[in-house]
There are 2 protein chains.
Amino acid sequence: MNADKIPDIIIGRLPIYLRALQRMSEKGMKTTSSQELGEHVGISAAQIRKDISQFGEFGKQGTGYSIPFLMDKLKEILKVNRMWDVVIVGMGDIGHALARYSGFANRGFRVAMVFDVDSAKVGQRVDGFTVEDAAKLVECVRNARIKIAMVTVPAAAAQDVTDKLVQAGVKAILNYAPTSVNVPGNVHVQYIDPATHLQRMTYYLD
Amino acid sequence: MNADKIPDIIIGRLPIYLRALQRMSEKGMKTTSSQELGEHVGISAAQIRKDISQFGEFGKQGTGYSIPFLMDKLKEILKVNRMWDVVIVGMGDIGHALARYSGFANRGFRVAMVFDVDSAKVGQRVDGFTVEDAAKLVECVRNARIKIAMVTVPAAAAQDVTDKLVQAGVKAILNYAPTSVNVPGNVHVQYIDPATHLQRMTYYLD
């Protein structure tokens with residue numbers, strides 16, 4: 001396995017495969033084929049086989065893939081065969097929804113701290129967390145050695161919060177603020193913005 | 001402009017450009033260059049020029065792009081120079097956050113109806129909307145001729161809700177349920193799943 005050479009577009013499909021395998025596993029299934037997996041995720045069987053074969057020979061000709069085995073391998077590749085602590089910055093509606101979301105634990109993530117800039121929220125108990133003061137963001141995140149953050153602040157505050165997270169050692173940011181942010185080359189950012197996703201689809205509508 | 005031939009990856013970047021231009025415009029800026037826009041969105045100036053030139057000659061050598069003009073052109077291309085009605089299916093935490101989100105209006109979208117399956121919620125006034133019974137989804141959406149939906153139901157319910165939306169004539173679905181769904185070829189789906197986005201980044205972490 002030569003991690004440096006795997007295109008990012010392939011890496012981006014692995015969590016989709018893992019998610020589908022987890023759902024199959026929850027339904028009691030033990031084995032699957034690239035055809036069957038492909039029907040679940042809307043990706044061709046050939047593409048799935050090609051993607052997975054980048055990392056080794058995980059399937060058997062004729063019998064397909066063992067679901068628990070392939071799940072273990074994908075978790076290992078994606079480094080979610082461990083639990084990652086994550087912070088949420090911004091406890092508005094989306095921050096609340098993320099703090100309460102039950103779908104992180106079985107996919108490798110645990111919300112460890114939540115921050116807000118609003119003094120009325122700081123120190124309050126919300127969704128099982130004590131809201132920390134965003135002024136202490138760098139210190140708290142650095143001391144806890146947290147590498148992943150979800151940013152749910154207004155667009156105008158996003159770059160400043162991002163800079164502080166980078167300063168604190170964060171290497172992966174899921175940005176819900178409706179704006180692009182600049183980060184050093186060794187920091188990864190993914191964007192979630194419903195209006196952007198919707199606009200990508202309206203292009204195709206009549 | 002030959003719409004059929006523009007790769008989807010280019011279409012996917014246009015809303016990012018539009019969003020950055022809107023922020024520039026809000027700050028009072030009137031013109032920009034591909035270099036400046038590129039710094040905002042983290043995409044090379046050459047790529048931006050190439051993407052935009054697919055649709056016509058919207059910039060001037062030396063003076064760059066007029067921000068209002070390029071915004072108008074991008075809105076026209078993405079068909080958000082009009083207001084699209086959108087429905088939300090599932091009024092849990094994410095559904096609430098979307099119903100209350102103020103960022104849709106100036107980007108071409110208006111939440112028109114919200115649905116839930118929970119009889120305790122149906123008929124209640126939530127976030128300025130009367131929650132409609134999900135049992136009436138097909139009828140209501142079809143009658144209102146709504147083409148876009150945001151689905152924020154549990155994974156187990158996502159395919160059934162998707163099938164009903166397709167039956168009602170919906171052509172674009174933003175799916176927040178943590179599962180892939182199957183749709184006919186003329187229906188577009190975009191996925192928002194924070195755990196999937198996070199797993200795509202952990203691959204690169206130490």
# chains A, B, ... in the order shown; residues from 1 in each chain; ligands from 1
$ interface_residues --of "chain A" --to "chain B" --cutoff "7 Å" --atoms "only C-alpha atoms" --output "PDB file with N, CA, C and O atoms, in the first residue's frame"
ATOM      1  N   ILE A  11     -10.128   7.991  -1.932  1.00  0.00           N
ATOM      2  CA  ILE A  11     -10.266   8.097  -0.467  1.00  0.00           C
ATOM      3  C   ILE A  11     -11.678   8.573  -0.116  1.00  0.00           C
ATOM      4  O   ILE A  11     -12.288   8.077   0.823  1.00  0.00           O
ATOM      5  N   GLY A  12     -12.190   9.501  -0.893  1.00  0.00           N
ATOM      6  CA  GLY A  12     -13.519  10.042  -0.620  1.00  0.00           C
ATOM      7  C   GLY A  12     -14.634   9.024  -0.757  1.00  0.00           C
ATOM      8  O   GLY A  12     -15.701   9.184  -0.162  1.00  0.00           O
ATOM      9  N   PRO A  15     -15.317   6.075   2.751  1.00  0.00           N
ATOM     10  CA  PRO A  15     -16.319   6.199   3.825  1.00  0.00           C
ATOM     11  C   PRO A  15     -17.736   5.833   3.371  1.00  0.00           C
ATOM     12  O   PRO A  15     -18.541   5.361   4.181  1.00  0.00           O
ATOM     13  N   ILE A  16     -18.026   6.026   2.085  1.00  0.00           N
ATOM     14  CA  ILE A  16     -19.343   5.652   1.544  1.00  0.00           C
ATOM     15  C   ILE A  16     -19.486   4.123   1.563  1.00  0.00           C
ATOM     16  O   ILE A  16     -20.536   3.597   1.941  1.00  0.00           O
ATOM     17  N   ARG A  19     -19.827   2.983   5.209  1.00  0.00           N
ATOM     18  CA  ARG A  19     -21.166   3.265   5.736  1.00  0.00           C
ATOM     19  C   ARG A  19     -22.183   2.226   5.251  1.00  0.00           C
ATOM     20  O   ARG A  19     -22.998   1.720   6.028  1.00  0.00           O
ATOM     21  N   ALA A  20     -22.098   1.885   3.966  1.00  0.00           N
ATOM     22  CA  ALA A  20     -23.021   0.883   3.415  1.00  0.00           C
ATOM     23  C   ALA A  20     -22.767  -0.485   4.046  1.00  0.00           C
ATOM     24  O   ALA A  20     -23.713  -1.212   4.375  1.00  0.00           O
ATOM     25  N   HIS A  40     -26.117  -0.537  -3.605  1.00  0.00           N
ATOM     26  CA  HIS A  40     -26.414   0.260  -2.415  1.00  0.00           C
ATOM     27  C   HIS A  40     -25.878   1.684  -2.520  1.00  0.00           C
ATOM     28  O   HIS A  40     -26.504   2.615  -2.029  1.00  0.00           O
ATOM     29  N   VAL A  41     -24.721   1.853  -3.103  1.00  0.00           N
ATOM     30  CA  VAL A  41     -24.076   3.164  -3.067  1.00  0.00           C
ATOM     31  C   VAL A  41     -24.155   3.917  -4.391  1.00  0.00           C
ATOM     32  O   VAL A  41     -23.718   5.069  -4.475  1.00  0.00           O
ATOM     33  N   GLY A  42     -24.697   3.257  -5.430  1.00  0.00           N
ATOM     34  CA  GLY A  42     -24.814   3.938  -6.721  1.00  0.00           C
ATOM     35  C   GLY A  42     -23.480   4.139  -7.423  1.00  0.00           C
ATOM     36  O   GLY A  42     -23.278   5.141  -8.106  1.00  0.00           O
ATOM     37  N   ILE A  77      -7.721   1.596   7.160  1.00  0.00           N
ATOM     38  CA  ILE A  77      -7.215   2.508   6.122  1.00  0.00           C
ATOM     39  C   ILE A  77      -7.603   3.950   6.447  1.00  0.00           C
ATOM     40  O   ILE A  77      -6.787   4.865   6.348  1.00  0.00           O
ATOM     41  N   LEU A  78      -8.857   4.140   6.861  1.00  0.00           N
ATOM     42  CA  LEU A  78      -9.359   5.493   7.157  1.00  0.00           C
ATOM     43  C   LEU A  78      -8.973   5.960   8.558  1.00  0.00           C
ATOM     44  O   LEU A  78      -9.326   7.069   8.964  1.00  0.00           O
ATOM     45  N   LYS A  79      -8.292   5.092   9.294  1.00  0.00           N
ATOM     46  CA  LYS A  79      -7.832   5.386  10.667  1.00  0.00           C
ATOM     47  C   LYS A  79      -9.000   5.657  11.618  1.00  0.00           C
ATOM     48  O   LYS A  79      -8.864   6.452  12.551  1.00  0.00           O
ATOM     49  N   ASP A  93     -27.810  26.546  16.118  1.00  0.00           N
ATOM     50  CA  ASP A  93     -28.669  25.408  15.781  1.00  0.00           C
ATOM     51  C   ASP A  93     -27.882  24.196  15.290  1.00  0.00           C
ATOM     52  O   ASP A  93     -28.143  23.063  15.697  1.00  0.00           O
ATOM     53  N   ILE A  94     -26.923  24.439  14.395  1.00  0.00           N
ATOM     54  CA  ILE A  94     -26.163  23.320  13.839  1.00  0.00           C
ATOM     55  C   ILE A  94     -25.236  22.720  14.905  1.00  0.00           C
ATOM     56  O   ILE A  94     -25.095  21.502  15.006  1.00  0.00           O
ATOM     57  N   ALA A  97     -27.278  20.503  17.012  1.00  0.00           N
ATOM     58  CA  ALA A  97     -27.628  19.265  16.299  1.00  0.00           C
ATOM     59  C   ALA A  97     -26.439  18.313  16.291  1.00  0.00           C
ATOM     60  O   ALA A  97     -26.593  17.109  16.513  1.00  0.00           O
ATOM     61  N   PHE A 104     -22.038   9.580  15.580  1.00  0.00           N
ATOM     62  CA  PHE A 104     -20.581   9.681  15.504  1.00  0.00           C
ATOM     63  C   PHE A 104     -19.874   8.476  16.120  1.00  0.00           C
ATOM     64  O   PHE A 104     -18.864   7.991  15.600  1.00  0.00           O
ATOM     65  N   ARG A 107     -18.731   5.472  14.332  1.00  0.00           N
ATOM     66  CA  ARG A 107     -17.958   5.762  13.112  1.00  0.00           C
ATOM     67  C   ARG A 107     -16.612   6.398  13.422  1.00  0.00           C
ATOM     68  O   ARG A 107     -15.938   6.906  12.539  1.00  0.00           O
ATOM     69  N   ALA A 172      -7.712  18.796  10.859  1.00  0.00           N
ATOM     70  CA  ALA A 172      -8.873  18.477  10.022  1.00  0.00           C
ATOM     71  C   ALA A 172     -10.060  19.300  10.514  1.00  0.00           C
ATOM     72  O   ALA A 172     -10.401  19.255  11.703  1.00  0.00           O
ATOM     73  N   LEU A 174     -14.098  20.434   9.694  1.00  0.00           N
ATOM     74  CA  LEU A 174     -15.359  20.340   8.952  1.00  0.00           C
ATOM     75  C   LEU A 174     -16.048  21.689   9.121  1.00  0.00           C
ATOM     76  O   LEU A 174     -16.486  22.037  10.220  1.00  0.00           O
ATOM     77  N   THR A 179     -18.676  29.872   3.904  1.00  0.00           N
ATOM     78  CA  THR A 179     -17.566  30.617   3.305  1.00  0.00           C
ATOM     79  C   THR A 179     -16.355  29.703   3.206  1.00  0.00           C
ATOM     80  O   THR A 179     -16.222  28.760   3.988  1.00  0.00           O
ATOM     81  N   SER A 180     -15.498  29.985   2.232  1.00  0.00           N
ATOM     82  CA  SER A 180     -14.228  29.276   2.148  1.00  0.00           C
ATOM     83  C   SER A 180     -13.266  29.849   3.175  1.00  0.00           C
ATOM     84  O   SER A 180     -13.346  31.025   3.512  1.00  0.00           O
ATOM     85  N   ASN A 182      -8.955  29.840   4.457  1.00  0.00           N
ATOM     86  CA  ASN A 182      -7.579  29.520   4.067  1.00  0.00           C
ATOM     87  C   ASN A 182      -6.863  28.808   5.203  1.00  0.00           C
ATOM     88  O   ASN A 182      -6.952  29.237   6.355  1.00  0.00           O
ATOM     89  N   HIS A 188      -6.502  19.890   6.584  1.00  0.00           N
ATOM     90  CA  HIS A 188      -7.555  19.490   5.665  1.00  0.00           C
ATOM     91  C   HIS A 188      -8.873  20.163   6.052  1.00  0.00           C
ATOM     92  O   HIS A 188      -9.191  20.247   7.233  1.00  0.00           O
ATOM     93  N   GLN A 190     -13.067  20.230   4.963  1.00  0.00           N
ATOM     94  CA  GLN A 190     -14.220  19.807   4.180  1.00  0.00           C
ATOM     95  C   GLN A 190     -15.341  20.796   4.484  1.00  0.00           C
ATOM     96  O   GLN A 190     -15.428  21.321   5.596  1.00  0.00           O
ATOM     97  N   ILE A 192     -19.471  21.892   4.459  1.00  0.00           N
ATOM     98  CA  ILE A 192     -20.887  21.523   4.417  1.00  0.00           C
ATOM     99  C   ILE A 192     -21.692  22.808   4.374  1.00  0.00           C
ATOM    100  O   ILE A 192     -21.636  23.612   5.303  1.00  0.00           O
ATOM    101  N   ALA A 195     -26.859  25.401   0.889  1.00  0.00           N
ATOM    102  CA  ALA A 195     -27.195  26.215  -0.292  1.00  0.00           C
ATOM    103  C   ALA A 195     -26.249  25.900  -1.457  1.00  0.00           C
ATOM    104  O   ALA A 195     -26.674  25.829  -2.609  1.00  0.00           O
ATOM    105  N   THR A 196     -24.978  25.680  -1.154  1.00  0.00           N
ATOM    106  CA  THR A 196     -24.016  25.306  -2.201  1.00  0.00           C
ATOM    107  C   THR A 196     -24.392  23.965  -2.824  1.00  0.00           C
ATOM    108  O   THR A 196     -24.366  23.802  -4.050  1.00  0.00           O
ATOM    109  N   HIS A 197     -24.752  23.015  -1.981  1.00  0.00           N
ATOM    110  CA  HIS A 197     -25.151  21.692  -2.489  1.00  0.00           C
ATOM    111  C   HIS A 197     -26.424  21.798  -3.340  1.00  0.00           C
ATOM    112  O   HIS A 197     -26.549  21.135  -4.358  1.00  0.00           O
ATOM    113  N   LEU A 198     -27.360  22.633  -2.904  1.00  0.00           N
ATOM    114  CA  LEU A 198     -28.597  22.796  -3.672  1.00  0.00           C
ATOM    115  C   LEU A 198     -28.317  23.469  -5.018  1.00  0.00           C
ATOM    116  O   LEU A 198     -28.862  23.055  -6.047  1.00  0.00           O
ATOM    117  N   GLN A 199     -27.460  24.478  -5.016  1.00  0.00           N
ATOM    118  CA  GLN A 199     -27.155  25.192  -6.270  1.00  0.00           C
ATOM    119  C   GLN A 199     -26.474  24.282  -7.285  1.00  0.00           C
ATOM    120  O   GLN A 199     -26.603  24.484  -8.490  1.00  0.00           O
ATOM    121  N   ARG A 200     -25.720  23.328  -6.792  1.00  0.00           N
ATOM    122  CA  ARG A 200     -25.073  22.380  -7.698  1.00  0.00           C
ATOM    123  C   ARG A 200     -26.109  21.538  -8.439  1.00  0.00           C
ATOM    124  O   ARG A 200     -25.859  21.051  -9.538  1.00  0.00           O
ATOM    125  N   MET A 201     -27.266  21.361  -7.817  1.00  0.00           N
ATOM    126  CA  MET A 201     -28.323  20.554  -8.446  1.00  0.00           C
ATOM    127  C   MET A 201     -29.270  21.383  -9.302  1.00  0.00           C
ATOM    128  O   MET A 201     -29.777  20.879 -10.308  1.00  0.00           O
ATOM    129  N   THR A 202     -29.534  22.628  -8.915  1.00  0.00           N
ATOM    130  CA  THR A 202     -30.493  23.428  -9.704  1.00  0.00           C
ATOM    131  C   THR A 202     -29.999  23.625 -11.135  1.00  0.00           C
ATOM    132  O   THR A 202     -30.815  23.778 -12.054  1.00  0.00           O
ATOM    133  N   TYR A 203     -28.698  23.625 -11.331  1.00  0.00           N
ATOM    134  CA  TYR A 203     -28.135  23.710 -12.692  1.00  0.00           C
ATOM    135  C   TYR A 203     -28.819  22.721 -13.626  1.00  0.00           C
ATOM    136  O   TYR A 203     -29.034  23.008 -14.801  1.00  0.00           O
TER     137      TYR A 203
END
$ select_by_dssp --residues "segment 3-72 of chain B" --states "strand (DSSP E or B)" --output "JSON list (two decimals) with all heavy atoms, in the first residue's frame"
[["chain", "number", "residue", "atom", "x", "y", "z"],
["B", 31, "THR", "N", -15.12, 44.90, -8.25],
["B", 31, "THR", "CA", -14.41, 44.09, -9.25],
["B", 31, "THR", "C", -13.47, 43.13, -8.54],
["B", 31, "THR", "O", -13.09, 43.34, -7.37],
["B", 31, "THR", "CB", -13.56, 44.96, -10.21],
["B", 31, "THR", "OG1", -12.60, 45.69, -9.44],
["B", 31, "THR", "CG2", -14.43, 45.93, -11.00],
["B", 32, "THR", "N", -13.10, 42.07, -9.25],
["B", 32, "THR", "CA", -12.11, 41.14, -8.71],
["B", 32, "THR", "C", -11.35, 40.50, -9.87],
["B", 32, "THR", "O", -11.72, 40.69, -11.03],
["B", 32, "THR", "CB", -12.77, 40.05, -7.82],
["B", 32, "THR", "OG1", -11.74, 39.31, -7.15],
["B", 32, "THR", "CG2", -13.61, 39.09, -8.65],
["B", 59, "GLY", "N", -14.99, 38.11, -18.27],
["B", 59, "GLY", "CA", -13.98, 39.01, -17.69],
["B", 59, "GLY", "C", -13.32, 39.82, -18.78],
["B", 59, "GLY", "O", -13.46, 39.51, -19.96],
["B", 60, "LYS", "N", -12.62, 40.88, -18.36],
["B", 60, "LYS", "CA", -11.89, 41.69, -19.34],
["B", 60, "LYS", "C", -10.41, 41.62, -19.03],
["B", 60, "LYS", "O", -9.99, 41.78, -17.88],
["B", 60, "LYS", "CB", -12.35, 43.16, -19.27],
["B", 60, "LYS", "CG", -13.69, 43.40, -19.94],
["B", 60, "LYS", "CD", -14.08, 44.86, -19.86],
["B", 60, "LYS", "CE", -15.52, 45.06, -20.32],
["B", 60, "LYS", "NZ", -16.13, 46.23, -19.71],
["B", 64, "GLY", "N", -10.17, 42.46, -15.14],
["B", 64, "GLY", "CA", -10.75, 41.36, -14.37],
["B", 64, "GLY", "C", -12.25, 41.27, -14.52],
["B", 64, "GLY", "O", -12.80, 41.60, -15.58],
["B", 65, "TYR", "N", -12.89, 40.83, -13.46],
["B", 65, "TYR", "CA", -14.33, 40.58, -13.49],
["B", 65, "TYR", "C", -15.10, 41.67, -12.75],
["B", 65, "TYR", "O", -14.71, 42.07, -11.65],
["B", 65, "TYR", "CB", -14.67, 39.24, -12.82],
["B", 65, "TYR", "CG", -14.05, 38.03, -13.48],
["B", 65, "TYR", "CD1", -12.96, 37.38, -12.90],
["B", 65, "TYR", "CD2", -14.58, 37.52, -14.66],
["B", 65, "TYR", "CE1", -12.40, 36.25, -13.50],
["B", 65, "TYR", "CE2", -14.02, 36.38, -15.26],
["B", 65, "TYR", "CZ", -12.94, 35.75, -14.66],
["B", 65, "TYR", "OH", -12.40, 34.65, -15.25],
["B", 66, "SER", "N", -16.21, 42.11, -13.32],
["B", 66, "SER", "CA", -17.18, 42.91, -12.57],
["B", 66, "SER", "C", -17.92, 41.95, -11.65],
["B", 66, "SER", "O", -18.52, 40.96, -12.11],
["B", 66, "SER", "CB", -18.17, 43.58, -13.52],
["B", 66, "SER", "OG", -19.39, 43.83, -12.84]]
$ select_by_dssp --residues "segment 56-160 of chain A" --states "helix (DSSP H, G or I)" --output "ChimeraX atom specification"
/A:67-77,93-100,105-107,134-143,155-160
$ atom_distance --atom1 "atom CA of Met113 of chain A" --atom2 "atom CA of Asn81 of chain A"
21.2 Å
$ atom_distance --atom1 "atom CA of Asp72 of chain A" --atom2 "atom CA of Gln54 of chain A"
15.7 Å
$ closest_residue --among "B:Thr152, B:Ser33, B:Ser102, B:Gln61" --to "Ile48 of chain B" --atoms "only C-alpha atoms"
B:Ser33
$ decode --residues "segment 91-202 of chain A" --atoms "C-alpha atoms" --output "mmCIF file, in the first residue's frame"
data_model
loop_
_atom_site.group_PDB
_atom_site.id
_atom_site.type_symbol
_atom_site.label_atom_id
_atom_site.label_comp_id
_atom_site.auth_asym_id
_atom_site.auth_seq_id
_atom_site.Cartn_x
_atom_site.Cartn_y
_atom_site.Cartn_z
ATOM 1 C CA MET A 91 -23.305 26.331 19.600
ATOM 2 C CA GLY A 92 -26.076 27.663 17.393
ATOM 3 C CA ASP A 93 -28.669 25.408 15.781
ATOM 4 C CA ILE A 94 -26.163 23.320 13.839
ATOM 5 C CA GLY A 95 -23.776 23.093 16.787
ATOM 6 C CA HIS A 96 -26.625 21.778 18.944
ATOM 7 C CA ALA A 97 -27.628 19.265 16.299
ATOM 8 C CA LEU A 98 -24.049 17.996 16.038
ATOM 9 C CA ALA A 99 -23.594 17.858 19.830
ATOM 10 C CA ARG A 100 -26.743 15.749 20.109
ATOM 11 C CA TYR A 101 -26.041 13.572 17.058
ATOM 12 C CA SER A 102 -25.795 9.896 17.984
ATOM 13 C CA GLY A 103 -24.192 8.793 14.730
ATOM 14 C CA PHE A 104 -20.581 9.681 15.504
ATOM 15 C CA ALA A 105 -19.669 7.041 18.095
ATOM 16 C CA ASN A 106 -19.835 3.979 15.880
ATOM 17 C CA ARG A 107 -17.958 5.762 13.112
ATOM 18 C CA GLY A 108 -14.892 6.746 15.076
ATOM 19 C CA PHE A 109 -15.694 10.143 16.591
ATOM 20 C CA ARG A 110 -16.501 11.555 20.009
ATOM 21 C CA VAL A 111 -17.420 15.161 20.678
ATOM 22 C CA ALA A 112 -15.024 16.147 23.463
ATOM 23 C CA MET A 113 -15.649 19.878 23.921
ATOM 24 C CA VAL A 114 -18.003 22.569 22.671
ATOM 25 C CA PHE A 115 -17.195 26.285 22.434
ATOM 26 C CA ASP A 116 -19.126 29.477 21.950
ATOM 27 C CA VAL A 117 -18.279 33.149 21.992
ATOM 28 C CA ASP A 118 -21.577 34.170 23.631
ATOM 29 C CA SER A 119 -21.082 34.904 27.342
ATOM 30 C CA ALA A 120 -24.714 33.919 27.978
ATOM 31 C CA LYS A 121 -23.907 30.394 26.789
ATOM 32 C CA VAL A 122 -20.409 29.986 28.241
ATOM 33 C CA GLY A 123 -20.450 27.852 31.380
ATOM 34 C CA GLN A 124 -23.977 26.633 30.685
ATOM 35 C CA ARG A 125 -24.754 22.949 30.402
ATOM 36 C CA VAL A 126 -25.999 22.203 26.870
ATOM 37 C CA ASP A 127 -26.618 18.796 25.323
ATOM 38 C CA GLY A 128 -24.506 17.158 28.023
ATOM 39 C CA PHE A 129 -21.562 19.520 27.558
ATOM 40 C CA THR A 130 -20.426 22.560 29.497
ATOM 41 C CA VAL A 131 -20.014 25.290 26.891
ATOM 42 C CA GLU A 132 -16.410 26.518 26.960
ATOM 43 C CA ASP A 133 -15.372 30.098 26.280
ATOM 44 C CA ALA A 134 -14.151 30.496 22.690
ATOM 45 C CA ALA A 135 -11.496 32.862 24.067
ATOM 46 C CA LYS A 136 -9.831 29.746 25.528
ATOM 47 C CA LEU A 137 -10.048 27.797 22.270
ATOM 48 C CA VAL A 138 -6.328 27.638 21.457
ATOM 49 C CA GLU A 139 -5.318 26.706 24.987
ATOM 50 C CA CYS A 140 -8.017 24.057 25.527
ATOM 51 C CA VAL A 141 -7.636 22.378 22.145
ATOM 52 C CA ARG A 142 -3.849 22.339 22.314
ATOM 53 C CA ASN A 143 -3.798 20.933 25.857
ATOM 54 C CA ALA A 144 -6.260 18.190 24.928
ATOM 55 C CA ARG A 145 -4.237 17.464 21.748
ATOM 56 C CA ILE A 146 -7.402 17.464 19.676
ATOM 57 C CA LYS A 147 -6.821 17.244 15.933
ATOM 58 C CA ILE A 148 -10.355 17.574 14.527
ATOM 59 C CA ALA A 149 -12.901 20.402 14.726
ATOM 60 C CA MET A 150 -16.370 21.168 13.410
ATOM 61 C CA VAL A 151 -16.871 24.896 12.865
ATOM 62 C CA THR A 152 -20.451 26.159 12.984
ATOM 63 C CA VAL A 153 -19.937 29.908 13.382
ATOM 64 C CA PRO A 154 -21.183 32.721 11.110
ATOM 65 C CA ALA A 155 -19.229 33.262 7.880
ATOM 66 C CA ALA A 156 -17.640 36.468 9.196
ATOM 67 C CA ALA A 157 -16.047 34.595 12.127
ATOM 68 C CA ALA A 158 -14.948 31.478 10.257
ATOM 69 C CA GLN A 159 -11.422 32.530 9.223
ATOM 70 C CA ASP A 160 -10.529 33.765 12.698
ATOM 71 C CA VAL A 161 -11.776 30.551 14.341
ATOM 72 C CA THR A 162 -9.975 28.508 11.690
ATOM 73 C CA ASP A 163 -6.706 30.349 12.334
ATOM 74 C CA LYS A 164 -7.027 29.652 16.064
ATOM 75 C CA LEU A 165 -7.738 25.965 15.483
ATOM 76 C CA VAL A 166 -4.702 25.689 13.209
ATOM 77 C CA GLN A 167 -2.620 27.467 15.839
ATOM 78 C CA ALA A 168 -3.861 24.923 18.392
ATOM 79 C CA GLY A 169 -2.691 22.024 16.228
ATOM 80 C CA VAL A 170 -5.953 20.992 14.579
ATOM 81 C CA LYS A 171 -5.353 19.187 11.271
ATOM 82 C CA ALA A 172 -8.873 18.477 10.022
ATOM 83 C CA ILE A 173 -11.766 20.952 9.959
ATOM 84 C CA LEU A 174 -15.359 20.340 8.952
ATOM 85 C CA ASN A 175 -16.550 23.839 8.094
ATOM 86 C CA TYR A 176 -20.297 24.554 8.271
ATOM 87 C CA ALA A 177 -19.809 28.310 7.894
ATOM 88 C CA PRO A 178 -20.984 29.375 4.429
ATOM 89 C CA THR A 179 -17.566 30.617 3.305
ATOM 90 C CA SER A 180 -14.228 29.276 2.148
ATOM 91 C CA VAL A 181 -11.334 29.488 4.610
ATOM 92 C CA ASN A 182 -7.579 29.520 4.067
ATOM 93 C CA VAL A 183 -5.411 26.962 5.850
ATOM 94 C CA PRO A 184 -1.803 25.756 5.579
ATOM 95 C CA GLY A 185 -1.147 22.854 3.221
ATOM 96 C CA ASN A 186 -0.993 20.277 6.016
ATOM 97 C CA VAL A 187 -4.506 21.079 7.292
ATOM 98 C CA HIS A 188 -7.555 19.490 5.665
ATOM 99 C CA VAL A 189 -10.906 21.231 5.289
ATOM 100 C CA GLN A 190 -14.220 19.807 4.180
ATOM 101 C CA TYR A 191 -17.226 22.033 3.605
ATOM 102 C CA ILE A 192 -20.887 21.523 4.417
ATOM 103 C CA ASP A 193 -23.164 24.241 3.080
ATOM 104 C CA PRO A 194 -26.689 23.257 2.093
ATOM 105 C CA ALA A 195 -27.195 26.215 -0.292
ATOM 106 C CA THR A 196 -24.016 25.306 -2.201
ATOM 107 C CA HIS A 197 -25.151 21.692 -2.489
ATOM 108 C CA LEU A 198 -28.597 22.796 -3.672
ATOM 109 C CA GLN A 199 -27.155 25.192 -6.270
ATOM 110 C CA ARG A 200 -25.073 22.380 -7.698
ATOM 111 C CA MET A 201 -28.323 20.554 -8.446
ATOM 112 C CA THR A 202 -30.493 23.428 -9.704
#
